[in-house]
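What follows is one structure encoded as structure tokens, with my remarks underneath.
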Amino acid sequence: MSFVDWIYPKVCAGCEKEGEYICDECRGKLNPPVSICPECNRPSIDGWVHARCQRRYGIDRLIVGLPYHGAVQKCLKNVKYKSSWEVINFLHEVWEQKAEFMIHDLRSMNINALVTAVPMWGMKERKRGFNQAERLGKLIASEMGLPYLDVLERVRDTRAMWGLDHKQRIQNVVGAFSLNSQFSVLNFQKIKLVLLVDDVWTTGATMRMCAGVLIRGGAKKVWGIALSR
Ligand SMILES: [Zn+2]
Ligand SMILES: [Zn+2]
């Protein structure tokens with residue numbers, strides 16, 4: 001037990017039992033969400049895009065591990081307010097257990113891939129101290145032995161997505177991202193797959209927008225990886 005744990009004992013976000021951010025029992029109850037097509041959000045086997053939904057600048061597959069409600073939602077909200085790397089490390093571990101077979105798929109492909117994350121707006125990131133999507137992306141990259149690169153940047157701020165309808169969500173993120181100025185098409189030459197990471201998948205508007213920028217910038221294939229949905 002560390003000194004910090006002694007002063008602020010960890011409490012389960014599900015049942016408030018002391019000891020862990022999410023206790024074993026509550027972790028056991030976290031069922032991975034149904035796999036969906038990243039373009040139409042309808043169920044799809046192993047998260048592959050439906051043949052009819054494929055787009056030139058779209059996402060090919062979506063991997064999600066955790067349900068975005070209850071304990072996970074509470075933990076992610078805590079990350080936002082407390083800027084806690086430890087909570088993200090913890091959630092990454094739980095995610096890995098739940099998304100295990102898809103991660104196994106990725107590992108067995110043995111192709112040149114890189115990991116990147118949905119960027120935050122600079123001001124928000126400075127205020128919070130870190131971007132949890134980036135933190136997750138780095139954990140996933142190191143776990144899989146893949147490089148992590150900040151390929152994207154946010155060129156303007158966006159509103160919080162809460163309470164926006166589908167059309168408003170798209171309008172909110174149009175033109176909000178671009179390729180990082182230090183990153184050129186040449187960097188994509190040997191890369192077969194880009195794994196784009198975010199913490200929460202709601203409608204996918206943000207991730208689809210980012211994937212479009214990546215593919216127009218030279219990426220061949222993009223898979224979305226979300227901690228929760
Ligand atoms: Zn619990
Ligand atoms: Zn579809």
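By order of appearance in the structure tokens: chains A, B, ..., then residues from 1 within every chain, and ligands from 1 in the order shown.
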Requested in this report: Check every protein, DNA and RNA residue against ligand 2, keep those with an atom at most 12 Å away (counting only C-alpha atoms and all ligand atoms), and present them as an NGL selection string.
Outcome: :A and (35-45 or 47-55 or 58-62)
Take the residues just selected and output them with N, CA and C atoms as a PDB file, in the first residue's frame.
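Written file, part_10.pdb:
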```pdb
ATOM      1  N   SER A  35     -20.187  -5.944 -30.421  1.00  0.00           N
ATOM      2  CA  SER A  35     -19.329  -5.374 -31.471  1.00  0.00           C
ATOM      3  C   SER A  35     -20.183  -4.719 -32.540  1.00  0.00           C
ATOM      4  N   ILE A  36     -19.765  -3.539 -32.950  1.00  0.00           N
ATOM      5  CA  ILE A  36     -20.546  -2.813 -33.971  1.00  0.00           C
ATOM      6  C   ILE A  36     -19.672  -2.382 -35.144  1.00  0.00           C
ATOM      7  N   CYS A  37     -20.347  -2.110 -36.246  1.00  0.00           N
ATOM      8  CA  CYS A  37     -19.707  -1.572 -37.449  1.00  0.00           C
ATOM      9  C   CYS A  37     -19.337  -0.106 -37.164  1.00  0.00           C
ATOM     10  N   PRO A  38     -18.080   0.300 -37.422  1.00  0.00           N
ATOM     11  CA  PRO A  38     -17.670   1.675 -37.100  1.00  0.00           C
ATOM     12  C   PRO A  38     -18.306   2.745 -37.982  1.00  0.00           C
ATOM     13  N   GLU A  39     -18.999   2.338 -39.039  1.00  0.00           N
ATOM     14  CA  GLU A  39     -19.620   3.338 -39.922  1.00  0.00           C
ATOM     15  C   GLU A  39     -21.097   3.557 -39.622  1.00  0.00           C
ATOM     16  N   CYS A  40     -21.825   2.456 -39.288  1.00  0.00           N
ATOM     17  CA  CYS A  40     -23.276   2.623 -39.101  1.00  0.00           C
ATOM     18  C   CYS A  40     -23.715   2.347 -37.658  1.00  0.00           C
ATOM     19  N   ASN A  41     -22.776   1.920 -36.801  1.00  0.00           N
ATOM     20  CA  ASN A  41     -23.073   1.650 -35.383  1.00  0.00           C
ATOM     21  C   ASN A  41     -24.051   0.502 -35.154  1.00  0.00           C
ATOM     22  N   ARG A  42     -24.280  -0.332 -36.174  1.00  0.00           N
ATOM     23  CA  ARG A  42     -25.140  -1.496 -35.966  1.00  0.00           C
ATOM     24  C   ARG A  42     -24.264  -2.712 -35.702  1.00  0.00           C
ATOM     25  N   PRO A  43     -24.827  -3.744 -35.026  1.00  0.00           N
ATOM     26  CA  PRO A  43     -24.012  -4.909 -34.694  1.00  0.00           C
ATOM     27  C   PRO A  43     -23.284  -5.485 -35.911  1.00  0.00           C
ATOM     28  N   SER A  44     -22.067  -5.922 -35.675  1.00  0.00           N
ATOM     29  CA  SER A  44     -21.273  -6.508 -36.749  1.00  0.00           C
ATOM     30  C   SER A  44     -20.256  -7.457 -36.117  1.00  0.00           C
ATOM     31  N   ILE A  45     -19.950  -8.552 -36.795  1.00  0.00           N
ATOM     32  CA  ILE A  45     -19.058  -9.564 -36.223  1.00  0.00           C
ATOM     33  C   ILE A  45     -17.658  -8.999 -36.005  1.00  0.00           C
ATOM     34  N   GLY A  47     -16.573  -6.427 -34.923  1.00  0.00           N
ATOM     35  CA  GLY A  47     -16.367  -4.993 -35.144  1.00  0.00           C
ATOM     36  C   GLY A  47     -15.918  -4.615 -36.543  1.00  0.00           C
ATOM     37  N   TRP A  48     -16.032  -5.540 -37.509  1.00  0.00           N
ATOM     38  CA  TRP A  48     -15.646  -5.211 -38.883  1.00  0.00           C
ATOM     39  C   TRP A  48     -16.708  -4.325 -39.525  1.00  0.00           C
ATOM     40  N   VAL A  49     -16.253  -3.440 -40.400  1.00  0.00           N
ATOM     41  CA  VAL A  49     -17.187  -2.593 -41.136  1.00  0.00           C
ATOM     42  C   VAL A  49     -18.013  -3.502 -42.068  1.00  0.00           C
ATOM     43  N   HIS A  50     -19.320  -3.273 -42.161  1.00  0.00           N
ATOM     44  CA  HIS A  50     -20.144  -4.047 -43.095  1.00  0.00           C
ATOM     45  C   HIS A  50     -19.675  -3.760 -44.517  1.00  0.00           C
ATOM     46  N   ALA A  51     -19.793  -4.768 -45.383  1.00  0.00           N
ATOM     47  CA  ALA A  51     -19.387  -4.564 -46.790  1.00  0.00           C
ATOM     48  C   ALA A  51     -20.120  -3.359 -47.386  1.00  0.00           C
ATOM     49  N   ARG A  52     -21.405  -3.228 -47.047  1.00  0.00           N
ATOM     50  CA  ARG A  52     -22.190  -2.133 -47.641  1.00  0.00           C
ATOM     51  C   ARG A  52     -21.839  -0.774 -47.042  1.00  0.00           C
ATOM     52  N   CYS A  53     -21.158  -0.775 -45.908  1.00  0.00           N
ATOM     53  CA  CYS A  53     -20.838   0.501 -45.236  1.00  0.00           C
ATOM     54  C   CYS A  53     -19.424   1.002 -45.561  1.00  0.00           C
ATOM     55  N   GLN A  54     -18.628   0.178 -46.234  1.00  0.00           N
ATOM     56  CA  GLN A  54     -17.234   0.562 -46.499  1.00  0.00           C
ATOM     57  C   GLN A  54     -17.153   1.877 -47.265  1.00  0.00           C
ATOM     58  N   ARG A  55     -16.268   2.735 -46.780  1.00  0.00           N
ATOM     59  CA  ARG A  55     -16.025   4.006 -47.462  1.00  0.00           C
ATOM     60  C   ARG A  55     -14.530   4.147 -47.672  1.00  0.00           C
ATOM     61  N   GLY A  58     -13.006   5.650 -44.623  1.00  0.00           N
ATOM     62  CA  GLY A  58     -13.650   5.205 -43.386  1.00  0.00           C
ATOM     63  C   GLY A  58     -12.791   4.289 -42.528  1.00  0.00           C
ATOM     64  N   ILE A  59     -13.361   3.885 -41.395  1.00  0.00           N
ATOM     65  CA  ILE A  59     -12.684   2.990 -40.450  1.00  0.00           C
ATOM     66  C   ILE A  59     -13.036   1.545 -40.812  1.00  0.00           C
ATOM     67  N   ASP A  60     -12.051   0.662 -40.777  1.00  0.00           N
ATOM     68  CA  ASP A  60     -12.273  -0.735 -41.164  1.00  0.00           C
ATOM     69  C   ASP A  60     -12.782  -1.614 -40.033  1.00  0.00           C
ATOM     70  N   ARG A  61     -12.388  -1.278 -38.824  1.00  0.00           N
ATOM     71  CA  ARG A  61     -12.769  -2.138 -37.712  1.00  0.00           C
ATOM     72  C   ARG A  61     -12.770  -1.319 -36.427  1.00  0.00           C
ATOM     73  N   LEU A  62     -13.646  -1.713 -35.526  1.00  0.00           N
ATOM     74  CA  LEU A  62     -13.708  -1.029 -34.236  1.00  0.00           C
ATOM     75  C   LEU A  62     -13.559  -2.045 -33.105  1.00  0.00           C
TER      76      LEU A  62
END
```
May I have a table of the residues of chain A lying at most 12 Å from ligand 1, giving each one's closest pair of atoms and their distance in Å to one decimal, counting only C-alpha atoms and all ligand atoms, ordered by chain and ascending residue number, as JSON lines?
```
{"residue": "A:Lys10", "atom": "CA", "partner": "ligand 1", "partner_atom_place_in_ligand_line": "1 (Zn)", "distance": 11.0}
{"residue": "A:Val11", "atom": "CA", "partner": "ligand 1", "partner_atom_place_in_ligand_line": "1 (Zn)", "distance": 8.1}
{"residue": "A:Cys12", "atom": "CA", "partner": "ligand 1", "partner_atom_place_in_ligand_line": "1 (Zn)", "distance": 4.7}
{"residue": "A:Ala13", "atom": "CA", "partner": "ligand 1", "partner_atom_place_in_ligand_line": "1 (Zn)", "distance": 6.5}
{"residue": "A:Gly14", "atom": "CA", "partner": "ligand 1", "partner_atom_place_in_ligand_line": "1 (Zn)", "distance": 4.5}
{"residue": "A:Cys15", "atom": "CA", "partner": "ligand 1", "partner_atom_place_in_ligand_line": "1 (Zn)", "distance": 3.9}
{"residue": "A:Glu16", "atom": "CA", "partner": "ligand 1", "partner_atom_place_in_ligand_line": "1 (Zn)", "distance": 6.0}
{"residue": "A:Lys17", "atom": "CA", "partner": "ligand 1", "partner_atom_place_in_ligand_line": "1 (Zn)", "distance": 5.7}
{"residue": "A:Glu18", "atom": "CA", "partner": "ligand 1", "partner_atom_place_in_ligand_line": "1 (Zn)", "distance": 8.4}
{"residue": "A:Gly19", "atom": "CA", "partner": "ligand 1", "partner_atom_place_in_ligand_line": "1 (Zn)", "distance": 9.1}
{"residue": "A:Glu20", "atom": "CA", "partner": "ligand 1", "partner_atom_place_in_ligand_line": "1 (Zn)", "distance": 8.1}
{"residue": "A:Tyr21", "atom": "CA", "partner": "ligand 1", "partner_atom_place_in_ligand_line": "1 (Zn)", "distance": 8.1}
{"residue": "A:Ile22", "atom": "CA", "partner": "ligand 1", "partner_atom_place_in_ligand_line": "1 (Zn)", "distance": 5.4}
{"residue": "A:Cys23", "atom": "CA", "partner": "ligand 1", "partner_atom_place_in_ligand_line": "1 (Zn)", "distance": 4.2}
{"residue": "A:Asp24", "atom": "CA", "partner": "ligand 1", "partner_atom_place_in_ligand_line": "1 (Zn)", "distance": 6.8}
{"residue": "A:Glu25", "atom": "CA", "partner": "ligand 1", "partner_atom_place_in_ligand_line": "1 (Zn)", "distance": 5.8}
{"residue": "A:Cys26", "atom": "CA", "partner": "ligand 1", "partner_atom_place_in_ligand_line": "1 (Zn)", "distance": 4.4}
{"residue": "A:Arg27", "atom": "CA", "partner": "ligand 1", "partner_atom_place_in_ligand_line": "1 (Zn)", "distance": 7.3}
{"residue": "A:Gly28", "atom": "CA", "partner": "ligand 1", "partner_atom_place_in_ligand_line": "1 (Zn)", "distance": 9.4}
{"residue": "A:Lys29", "atom": "CA", "partner": "ligand 1", "partner_atom_place_in_ligand_line": "1 (Zn)", "distance": 9.4}
{"residue": "A:Leu30", "atom": "CA", "partner": "ligand 1", "partner_atom_place_in_ligand_line": "1 (Zn)", "distance": 10.7}
{"residue": "A:Gly70", "atom": "CA", "partner": "ligand 1", "partner_atom_place_in_ligand_line": "1 (Zn)", "distance": 10.4}
{"residue": "A:Ala71", "atom": "CA", "partner": "ligand 1", "partner_atom_place_in_ligand_line": "1 (Zn)", "distance": 8.0}
{"residue": "A:Val72", "atom": "CA", "partner": "ligand 1", "partner_atom_place_in_ligand_line": "1 (Zn)", "distance": 11.1}
{"residue": "A:Lys74", "atom": "CA", "partner": "ligand 1", "partner_atom_place_in_ligand_line": "1 (Zn)", "distance": 12.0}
{"residue": "A:Cys75", "atom": "CA", "partner": "ligand 1", "partner_atom_place_in_ligand_line": "1 (Zn)", "distance": 11.9}
```
Report task. Check the DSSP output for the backbone and give back, as number ranges by chain, the residues of segment 49-228 of chain A in strand (DSSP E or B). Result -> A: 61-66, 113-117, 148, 152-154, 177-179, 193-200, 222-228
Requested in this report: For atom CA of His92 of chain A and atom CA of Asp46 of chain A, quote the distance in Å rounded to one decimal.
Outcome: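 Computed distance, atom CA of His92 of chain A to atom CA of Asp46 of chain A, equals 19.6 Å.
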DSSP on the backbone: what in segment 89-228 of chain A comes out alpha helix (DSSP H), as a JSON list (two decimals) with C-alpha atoms, in the first residue's frame?
```
[["chain", "number", "residue", "atom", "x", "y", "z"],
["A", 89, "ASN", "CA", -3.38, 2.46, -16.14],
["A", 90, "PHE", "CA", -5.97, 0.50, -14.22],
["A", 91, "LEU", "CA", -8.68, 0.90, -16.89],
["A", 92, "HIS", "CA", -6.21, -0.15, -19.57],
["A", 93, "GLU", "CA", -5.56, -3.41, -17.69],
["A", 94, "VAL", "CA", -9.27, -4.14, -17.34],
["A", 95, "TRP", "CA", -9.84, -3.24, -21.01],
["A", 96, "GLU", "CA", -7.11, -5.64, -22.04],
["A", 97, "GLN", "CA", -8.75, -8.54, -20.23],
["A", 98, "LYS", "CA", -12.11, -7.81, -21.82],
["A", 100, "GLU", "CA", -8.42, -10.06, -25.19],
["A", 101, "PHE", "CA", -9.34, -12.00, -28.30],
["A", 102, "MET", "CA", -9.30, -8.94, -30.52],
["A", 103, "ILE", "CA", -5.93, -7.92, -29.15],
["A", 104, "HIS", "CA", -4.73, -11.45, -29.89],
["A", 105, "ASP", "CA", -5.93, -10.94, -33.47],
["A", 106, "LEU", "CA", -3.91, -7.78, -33.75],
["A", 107, "ARG", "CA", -0.76, -9.35, -32.37],
["A", 108, "SER", "CA", -0.98, -12.36, -34.65],
["A", 109, "MET", "CA", -1.25, -10.17, -37.77],
["A", 122, "GLY", "CA", -4.25, 22.46, -26.43],
["A", 123, "MET", "CA", -5.89, 24.68, -23.81],
["A", 124, "LYS", "CA", -7.97, 21.86, -22.36],
["A", 125, "GLU", "CA", -4.97, 19.55, -22.27],
["A", 126, "ARG", "CA", -2.83, 22.11, -20.46],
["A", 127, "LYS", "CA", -5.60, 22.65, -17.95],
["A", 128, "ARG", "CA", -6.05, 18.95, -17.32],
["A", 132, "GLN", "CA", -6.28, 10.35, -21.50],
["A", 133, "ALA", "CA", -6.69, 9.07, -25.07],
["A", 134, "GLU", "CA", -2.99, 9.69, -25.67],
["A", 135, "ARG", "CA", -2.10, 8.01, -22.39],
["A", 136, "LEU", "CA", -4.18, 4.98, -23.38],
["A", 137, "GLY", "CA", -2.64, 4.95, -26.84],
["A", 138, "LYS", "CA", 0.84, 4.88, -25.36],
["A", 139, "LEU", "CA", -0.05, 2.02, -23.03],
["A", 140, "ILE", "CA", -1.56, 0.01, -25.88],
["A", 141, "ALA", "CA", 1.45, 0.72, -28.11],
["A", 142, "SER", "CA", 4.00, -0.34, -25.53],
["A", 143, "GLU", "CA", 2.01, -3.44, -24.66],
["A", 144, "MET", "CA", 1.92, -4.48, -28.31],
["A", 166, "HIS", "CA", -26.33, 13.22, -34.76],
["A", 167, "LYS", "CA", -26.12, 16.08, -37.27],
["A", 168, "GLN", "CA", -24.85, 18.54, -34.67],
["A", 169, "ARG", "CA", -22.17, 16.08, -33.60],
["A", 170, "ILE", "CA", -20.85, 15.87, -37.14],
["A", 171, "GLN", "CA", -20.94, 19.65, -37.59],
["A", 172, "ASN", "CA", -19.11, 20.00, -34.29],
["A", 173, "VAL", "CA", -16.06, 18.07, -35.49],
["A", 205, "ALA", "CA", -18.32, 11.15, -35.32],
["A", 206, "THR", "CA", -14.95, 12.25, -33.87],
["A", 207, "MET", "CA", -13.12, 9.03, -34.72],
["A", 208, "ARG", "CA", -14.55, 8.95, -38.25],
["A", 209, "MET", "CA", -13.43, 12.53, -38.79],
["A", 210, "CYS", "CA", -9.92, 11.67, -37.55],
["A", 211, "ALA", "CA", -9.77, 8.54, -39.72],
["A", 212, "GLY", "CA", -10.68, 10.64, -42.76],
["A", 213, "VAL", "CA", -7.77, 12.99, -42.05],
["A", 214, "LEU", "CA", -5.39, 10.05, -41.58],
["A", 215, "ILE", "CA", -6.38, 8.31, -44.81],
["A", 216, "ARG", "CA", -6.38, 11.52, -46.88]]
```
Report summary line: Min atom-atom distance to Gly218 of chain A from the set A:Glu153, A:Pro9, A:Glu86, A:Arg56, counting only C-alpha atoms, belongs to A:Arg56
Query raised in the report: What is the distance, in Å and to one decimal place, between atom CA of Lys77 of chain A and atom CA of Val155 of chain A?
Result: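 About the pair atom CA of Lys77 of chain A and atom CA of Val155 of chain A: they are 24.8 Å apart.
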Query raised in the report: Between atom CA of Val79 of chain A and atom CA of Val194 of chain A, what is the spacing in Å?
Result: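 Here the two named atoms are 25.7 Å from each other.
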Query raised in the report: Which residues, written as a PyMOL selection string, have at least one atom at most 6 Å from Leu196 of chain A, with only C-alpha atoms counted and residues fewer than 2 positions away on the same chain left out?
Result: chain A and resi 116-117+224-225
Query raised in the report: When distances are computed from only C-alpha atoms, which of A:Phe177, A:Trp162, A:Trp201, A:Phe188 shows the smallest separation from Trp121 of chain A?
Result: A:Phe177
Requested in this report: Mind checking which residues fall within 6 Å of Val200 of chain A, counting only C-alpha atoms, ignoring those fewer than 5 positions away in the same chain, and posting them as a list in words?
Outcome: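 My list of contacting residues is Ala226, Ser228 and Arg229 of chain A.
Using only C-alpha atoms, the smallest distance between any of A:Leu76, A:Gly65, A:Ala99, A:Tyr57 and Pro33 of chain A comes from A:Gly65.
Each of A:Val64, A:Ile111, A:Val174, A:Val87 was compared to Lys190 of chain A using only C-alpha atoms, and A:Ile111 turns out to be the nearest.
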